[in-house]
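Undergrad: This is the structure I have questions about; it appears just below.
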Number of protein chains: 2
Amino acid sequence: MQVTGHSLIGSQAVYPQGATIQAFNPATGAPIGPEYGGGGIDEVDRACALAEAAAVAFRTTSLEARARFLETVATEIEALGDALIERCMLESGLPRARLEGERGRTCGQLRLFASVVRSGEWLDVRIDPAMPERQPLPRLDLRLQNIALGPVAVFGASNFPLAFSVAGGDTASAFAAGCPVIVKAHSAHPGTSELVGRAIQAAVSSCGLPEGVFSLLFGAGNDLGTALVKDARIKAVGFTGSRSGGTALMKVAQARPQPIPVYAEMSSINPVFLLPDALDSRGKTIAEGFVASLAMGAGQFCTNPGLVIAVRGTALDHFVDAAAQAVAKVGAQTMLSPGIHASYNAGVGVLAGHAKVRQAGHGAAAEGACQCQARVFVTSAADFLSDQALQNEVFGAASLVVECEDWAEVARVAQSLEGQLTATLQMDDGDLEKARQLLPILEEKAGRVLANSWPTGVEVCHAMVHGGPFPATSDARSTSVGSAAIQRFLRPVCYQNLPQALLPDALRDGNPSGVSRLVDGKRMTTA
Amino acid sequence: MQVTGHSLIGSQAVYPQGATIQAFNPATGAPIGPEYGGGGIDEVDRACALAEAAAVAFRTTSLEARARFLETVATEIEALGDALIERCMLESGLPRARLEGERGRTCGQLRLFASVVRSGEWLDVRIDPAMPERQPLPRLDLRLQNIALGPVAVFGASNFPLAFSVAGGDTASAFAAGCPVIVKAHSAHPGTSELVGRAIQAAVSSCGLPEGVFSLLFGAGNDLGTALVKDARIKAVGFTGSRSGGTALMKVAQARPQPIPVYAEMSSINPVFLLPDALDSRGKTIAEGFVASLAMGAGQFCTNPGLVIAVRGTALDHFVDAAAQAVAKVGAQTMLSPGIHASYNAGVGVLAGHAKVRQAGHGAAAEGACQCQARVFVTSAADFLSDQALQNEVFGAASLVVECEDWAEVARVAQSLEGQLTATLQMDDGDLEKARQLLPILEEKAGRVLANSWPTGVEVCHAMVHGGPFPATSDARSTSVGSAAIQRFLRPVCYQNLPQALLPDALRDGNPSGVSRLVDGKRMTTA
């Protein structure tokens, strides 16, 4: 399949006449054709009209039909073959192995959601049968299930051009919930976006679904995205990107006549706590694991360990030395885009020029156009606590070690942190009591708490939380990775005294859908 | 127990020095002592400090301990005896039988949440065991459970001075989730609030919980409530009241450095659709049921049927005549407060003076200070569709019948509606196809869809949804009545590779809490 530069609106490919979008090879700075015609209010209107028209039919498909659609999307993406990988390498600068792995993750994620849809757990079915003889008043028959919110706007991220983009976790979970999706393509990988978009378009068609289930729009600047979030037919927003971008969309969504939920995954520095026994017994090993996690993928992960916290002393000095030695072996890596590269250098510049921060080590110097140099900095807890700016995310392979005077100061630093995606404990058996003291703080700061592992490499499974308090995300009650992500796009509806013929399948007597149900508050796997 | 006019901050009773709050007997306009000292920023600060200090201890109580606390609150409220009912009658003008029923509902609700806490379904436990041999990468042990959001601010309603107030559904569900609660008392029933607050305070003490689990503040005007929602230690808000009040709190919460969820239940006109066969066969019976639902409690229910929609014709004329005859028998009833009474008269005045609206019938004229006269108005669908103001809620016993030219216009009226708590179908077997056409629209407009019943009388159970799209509530994903209300005050946390000793009980091997768990995506009642 060739890329053509078209937007996809329902079953059509169109070429809007707005300002064009063009990809660039981050390794060389060279432009990559074709140019994509930027859409505007007209394209938003057409895509939203189709999405609205498709919404009821799509949300009321059978569990099996919706699961098969998700599986078909995965098959169609795989059918794109090497063309997808090659285009994505060109546009992202990411290596082949990483992108092949990411494609596997993307398709695995779609298939996981197919199994989630079939299981029906997400329906949260509850049945309180009628009690006609109850005194003083009878109880009528009451049944509850979740239904899809309606059309969802998805804004993909540049750092996972497959797994967090056009057919990424937001799209997969919204489809699973039964929501039509309109994707605003990330301008850093338009060709990758078009290829994946065409795969979804083909799946919509071959599954006999209404065309409005999916559209893919391109737009330079923020106007198209803002218009999409403002449109009354859009009922929720999924976003992965910067704090400024996410909070801007939150404001737009809240200012609508009918406000809607925004699920923005934005900013996290992912603190790692080195507990004393672990630091003493295996500081060097931890330092090597830390630098490996820090430098992976040029540090361009939301869960990159950007902060390390421990008590000052010889053991911490040895850790910092070992980290400096490890980071010295890190080669320069090409970043995803000139914008990300410039932001990284600016963030590193602030740390390097900060009077209270010293550089402990660095990787190989940058050579190519968009290359980054890994960095490890050190500061004191007192200085960290007195300057909120030291908590700002530096997206890339830079981290800050915070030296505390004592254990109480470690807890104060933990308490001072903003919301995070992750918080990590490096601990030995003898650290259990200290870990127990920190745990309640970390639970309130982060969506995921880890021990003796590293936050990068987010598992796609049922128990994953890739979320956390603001500013990690806009909604701490949600996750954007794993099967619980489907809950973001659902709302409960209660059906009181409805004839069987009007009830959704999962609520009917005899449980024809075979889903787990809560009957009078008791869990029944079949009822 | 005597009322004293004090605010309750943790275990203390204090008398702040701000502008005082005084109750009035709505039937006579006479003031009722004592005066309550209005709190301000100092009281908010003290209550929030105690709530924050109590948060971890309270959220990590055992399921059994938290359930017993909820049951103790119910017992303590019952122990207030007739003093509570008499004070509440004085302050609200509501009759004894209604308030005794509401007390039963309030205590039943607390005990329902005790059973919900014990069941542990709300924890949403998910376990994805380690797969050390998996290729290309091993999977680490991942476990998820919900935890409490943190301290919650609750704003009670005047129309349910027990069931939606100090120990109402918001407080009960927040306690069940493990959140400390700070209630801003409704100024219409301060004595009732104090009595119930002292019952909760006694339960906190006798259960050995930290005092910050509960505080009760009084404040004239909006300043205290605004300060409470702005406080960084508050993590969620529950509100029942007006659209203007709810949207004001939403704005305050969104403008915080760390935005928080607001669950505001605000405004609904609860459309009732009369389908043709039902209208033909039993229009008079439906009219009598409609007026009974409309006039109950002076119409002061969020689920009051404020809109009736049907196709014009002889059958509808007969319905309107029968409704007019039924409403003529409705006596004048005392409303809850001079403010509500004035709003009702203003809303009725707009309809009565509207050029496109005619009055079809009315109840007995008002006599006492705060009495309301029930009203039924009629307009055409064309006029209804052309004037958005006709959708405004008139809180009280007034309803508007909308006459449509044909069935297609019924669907257009349904489509034009704002979000609702409820939508009702009055239907016979022959109406099934028409009901099927309306149902997808009503599911998207309302949190609860009813057939052949009336929206007033909200059952407190597992399958209830007392919620719906904006402006019915600020968050269509939630319910404020029924056991699912607990979900509003929770967020998921994932624990990766943690030692057993650090895991919460519900996540440990062997399932010591005995809760239902999702293991590798499969529902296990014990595992």
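Chain labels A, B, ... are given in the sequence in which chains occur in the structure tokens; within each chain residues are numbered consecutively from 1, and ligands are likewise numbered from 1 in the order shown.
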I'd like a table as CSV: residues in chain A with an atom no more than 7 Å from chain B, each row giving the shortest atom pair and its distance in Å to one decimal, only C-alpha atoms counted, sorted by chain and rising residue number.
TA:
residue,atom,partner,partner_atom,distance
A:Val56,CA,B:Pro440,CA,6.7
A:Arg126,CA,B:Ala463,CA,5.0
A:Ile127,CA,B:Ala463,CA,5.7
A:Asp128,CA,B:Ala463,CA,6.0
A:Leu142,CA,B:Ala463,CA,5.8
A:Arg143,CA,B:Ala463,CA,5.3
A:Leu144,CA,B:Ala463,CA,4.9
A:Gln258,CA,B:Phe470,CA,5.9
A:Arg436,CA,B:Leu502,CA,6.5
A:Pro440,CA,B:Val56,CA,6.7
A:Glu443,CA,B:Val493,CA,6.8
A:Gly447,CA,B:Val493,CA,4.9
A:Arg448,CA,B:Cys494,CA,4.5
A:Val449,CA,B:Tyr495,CA,5.0
A:Leu450,CA,B:Gln496,CA,4.6
A:Ala451,CA,B:Leu498,CA,5.2
A:His462,CA,B:Gly521,CA,6.1
A:Ala463,CA,B:Leu144,CA,4.9
A:Met464,CA,B:Cys494,CA,5.9
A:Val465,CA,B:Cys494,CA,5.4
A:Phe470,CA,B:Gln258,CA,5.9
A:Ala476,CA,B:Arg491,CA,6.2
A:Arg477,CA,B:Arg491,CA,4.3
A:Leu490,CA,B:Arg477,CA,6.7
A:Arg491,CA,B:Arg477,CA,4.3
A:Pro492,CA,B:Arg477,CA,6.4
A:Val493,CA,B:Gly447,CA,4.9
A:Cys494,CA,B:Arg448,CA,4.5
A:Tyr495,CA,B:Val449,CA,5.0
A:Gln496,CA,B:Leu450,CA,4.6
A:Asn497,CA,B:Ala451,CA,5.5
A:Leu498,CA,B:Ala451,CA,5.2
A:Leu502,CA,B:Arg436,CA,6.5
A:Asp520,CA,B:His462,CA,6.8
A:Gly521,CA,B:His462,CA,6.1
Undergrad: Identify all residues of range 434-503 of chain B in strand (DSSP E or B) (DSSP on the backbone) and supply them as a list in words.
TA: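 For range 434-503 of chain B, the strand (DSSP E or B) set is Ala446, Gly447, Arg448, Val449, Leu450, Ala451, Thr473, Leu490, Arg491, Pro492, Val493, Cys494, Tyr495 and Gln496 of chain B.
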Undergrad: Compile the contact shell of range 229-237 of chain B as a ChimeraX atom specification: residues with an atom at most 7 Å away, counting only C-alpha atoms, same-chain residues fewer than 4 positions apart removed.
TA: /B:48,52,149-154,225,252-253,256,260-263
Undergrad: Can you pull out the residues contacting Leu8 in chain B? Cut-off 12 Å, using only C-alpha atoms, and skip same-chain residues under 6 positions away; I want them as a PyMOL selection string.
TA: chain B and resi 14-16+36-39+43-44+46-47+50+166+181-185+193-202+211-218
Undergrad: Report, in Å with one decimal, the straight-line distance from CA of His341 in chain A to CA of Ala27 in chain A.
TA: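 Interatomic distance here is 11.3 Å.
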Undergrad: Neighbours of range 73-90 of chain B within 10 Å (only C-alpha atoms; same-chain residues fewer than 5 positions away dropped), as a PDB file with C-alpha atoms, in the first residue's frame?
TA:
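Just written: out-v3.pdb:
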ATOM      1  CA  MET B   1     -29.784  15.468  72.440  1.00  0.00           C
ATOM      2  CA  GLN B   2     -30.100  19.239  72.193  1.00  0.00           C
ATOM      3  CA  VAL B   3     -28.873  21.324  69.301  1.00  0.00           C
ATOM      4  CA  ALA B  23     -33.351  28.123  60.396  1.00  0.00           C
ATOM      5  CA  PHE B  24     -36.879  29.250  59.599  1.00  0.00           C
ATOM      6  CA  ASN B  25     -40.088  27.298  59.856  1.00  0.00           C
ATOM      7  CA  PRO B  26     -41.256  27.360  56.238  1.00  0.00           C
ATOM      8  CA  ALA B  27     -44.884  26.955  57.298  1.00  0.00           C
ATOM      9  CA  THR B  28     -44.876  30.085  59.451  1.00  0.00           C
ATOM     10  CA  ALA B  30     -40.809  32.004  62.254  1.00  0.00           C
ATOM     11  CA  ILE B  32     -35.897  28.624  64.916  1.00  0.00           C
ATOM     12  CA  ARG B  68     -19.039  -1.598  61.267  1.00  0.00           C
ATOM     13  CA  PRO B  95     -44.636  15.639  57.284  1.00  0.00           C
ATOM     14  CA  ARG B  96     -43.684  13.086  59.939  1.00  0.00           C
ATOM     15  CA  ALA B  97     -44.419   9.981  57.871  1.00  0.00           C
ATOM     16  CA  ARG B  98     -42.244  11.197  55.044  1.00  0.00           C
ATOM     17  CA  LEU B  99     -39.351  11.978  57.381  1.00  0.00           C
ATOM     18  CA  GLU B 100     -39.640   8.691  59.247  1.00  0.00           C
ATOM     19  CA  GLU B 102     -36.517   9.084  54.874  1.00  0.00           C
ATOM     20  CA  ARG B 103     -34.705   8.211  58.088  1.00  0.00           C
ATOM     21  CA  GLY B 104     -35.293   4.541  57.298  1.00  0.00           C
ATOM     22  CA  THR B 106     -30.876   6.935  55.188  1.00  0.00           C
ATOM     23  CA  CYS B 107     -30.008   4.219  57.706  1.00  0.00           C
ATOM     24  CA  GLY B 108     -30.776   1.475  55.166  1.00  0.00           C
ATOM     25  CA  GLN B 109     -28.397   3.193  52.763  1.00  0.00           C
ATOM     26  CA  LEU B 110     -25.619   3.223  55.363  1.00  0.00           C
ATOM     27  CA  ARG B 111     -26.180  -0.492  56.003  1.00  0.00           C
ATOM     28  CA  PRO B 161     -32.694  16.731  54.751  1.00  0.00           C
ATOM     29  CA  LEU B 162     -31.677  13.236  55.826  1.00  0.00           C
ATOM     30  CA  ALA B 167     -25.286  11.330  56.393  1.00  0.00           C
ATOM     31  CA  ALA B 172     -22.162   7.111  52.993  1.00  0.00           C
ATOM     32  CA  HIS B 189     -31.825  22.640  58.105  1.00  0.00           C
ATOM     33  CA  PRO B 190     -28.898  23.447  60.426  1.00  0.00           C
ATOM     34  CA  GLY B 191     -30.365  21.755  63.497  1.00  0.00           C
ATOM     35  CA  THR B 192     -31.091  18.544  61.621  1.00  0.00           C
ATOM     36  CA  SER B 193     -27.541  18.746  60.274  1.00  0.00           C
ATOM     37  CA  GLU B 194     -26.029  19.211  63.713  1.00  0.00           C
ATOM     38  CA  LEU B 195     -27.970  16.281  65.189  1.00  0.00           C
ATOM     39  CA  VAL B 196     -26.918  13.929  62.409  1.00  0.00           C
ATOM     40  CA  GLY B 197     -23.382  15.326  62.539  1.00  0.00           C
ATOM     41  CA  ARG B 198     -23.160  14.559  66.243  1.00  0.00           C
ATOM     42  CA  ALA B 199     -24.345  11.006  65.532  1.00  0.00           C
ATOM     43  CA  ILE B 200     -21.507  10.575  63.030  1.00  0.00           C
ATOM     44  CA  GLN B 201     -19.034  12.174  65.442  1.00  0.00           C
ATOM     45  CA  ALA B 202     -20.095   9.670  68.115  1.00  0.00           C
ATOM     46  CA  ALA B 203     -19.662   6.779  65.678  1.00  0.00           C
ATOM     47  CA  VAL B 204     -16.155   7.953  64.708  1.00  0.00           C
ATOM     48  CA  SER B 206     -16.808   4.732  69.416  1.00  0.00           C
ATOM     49  CA  CYS B 207     -15.207   2.962  66.444  1.00  0.00           C
TER      50      CYS B 207
END
Undergrad: I need the residues of range 104-220 of chain B that end up classed as helix (DSSP H, G or I) by DSSP on the backbone, written out as a PyMOL selection string.
TA: chain B and resi 104-119+121-123+169-177+190-206+211-213
Undergrad: Which polymer residues have any atom within 7 Å of an atom of Glu393 in chain A, counting only C-alpha atoms, with same-chain residues fewer than 4 positions away left out, as an mmCIF file with N, CA and C atoms, in the first residue's frame?
TA:
data_model
loop_
_atom_site.group_PDB
_atom_site.id
_atom_site.type_symbol
_atom_site.label_atom_id
_atom_site.label_comp_id
_atom_site.auth_asym_id
_atom_site.auth_seq_id
_atom_site.Cartn_x
_atom_site.Cartn_y
_atom_site.Cartn_z
ATOM 1 N N SER A 267 2.469 14.107 31.899
ATOM 2 C CA SER A 267 3.773 14.516 32.421
ATOM 3 C C SER A 267 4.087 13.740 33.690
ATOM 4 N N SER A 268 5.277 13.151 33.733
ATOM 5 C CA SER A 268 5.648 12.353 34.907
ATOM 6 C C SER A 268 7.157 12.240 34.950
ATOM 7 N N ILE A 269 7.730 12.323 36.163
ATOM 8 C CA ILE A 269 9.182 12.173 36.273
ATOM 9 C C ILE A 269 9.548 10.874 36.994
#
Undergrad: Return the single residue from A:Ala332, A:Val348, A:Ile9, A:Leu94 that is closest to Gln373 in chain A, with distances computed using only C-alpha atoms.
TA: A:Ala332
Undergrad: Which value, in Å to one decimal, gives the distance between CA of Ser416 in chain A and CA of Ala381 in chain A?
TA: 10.6 Å
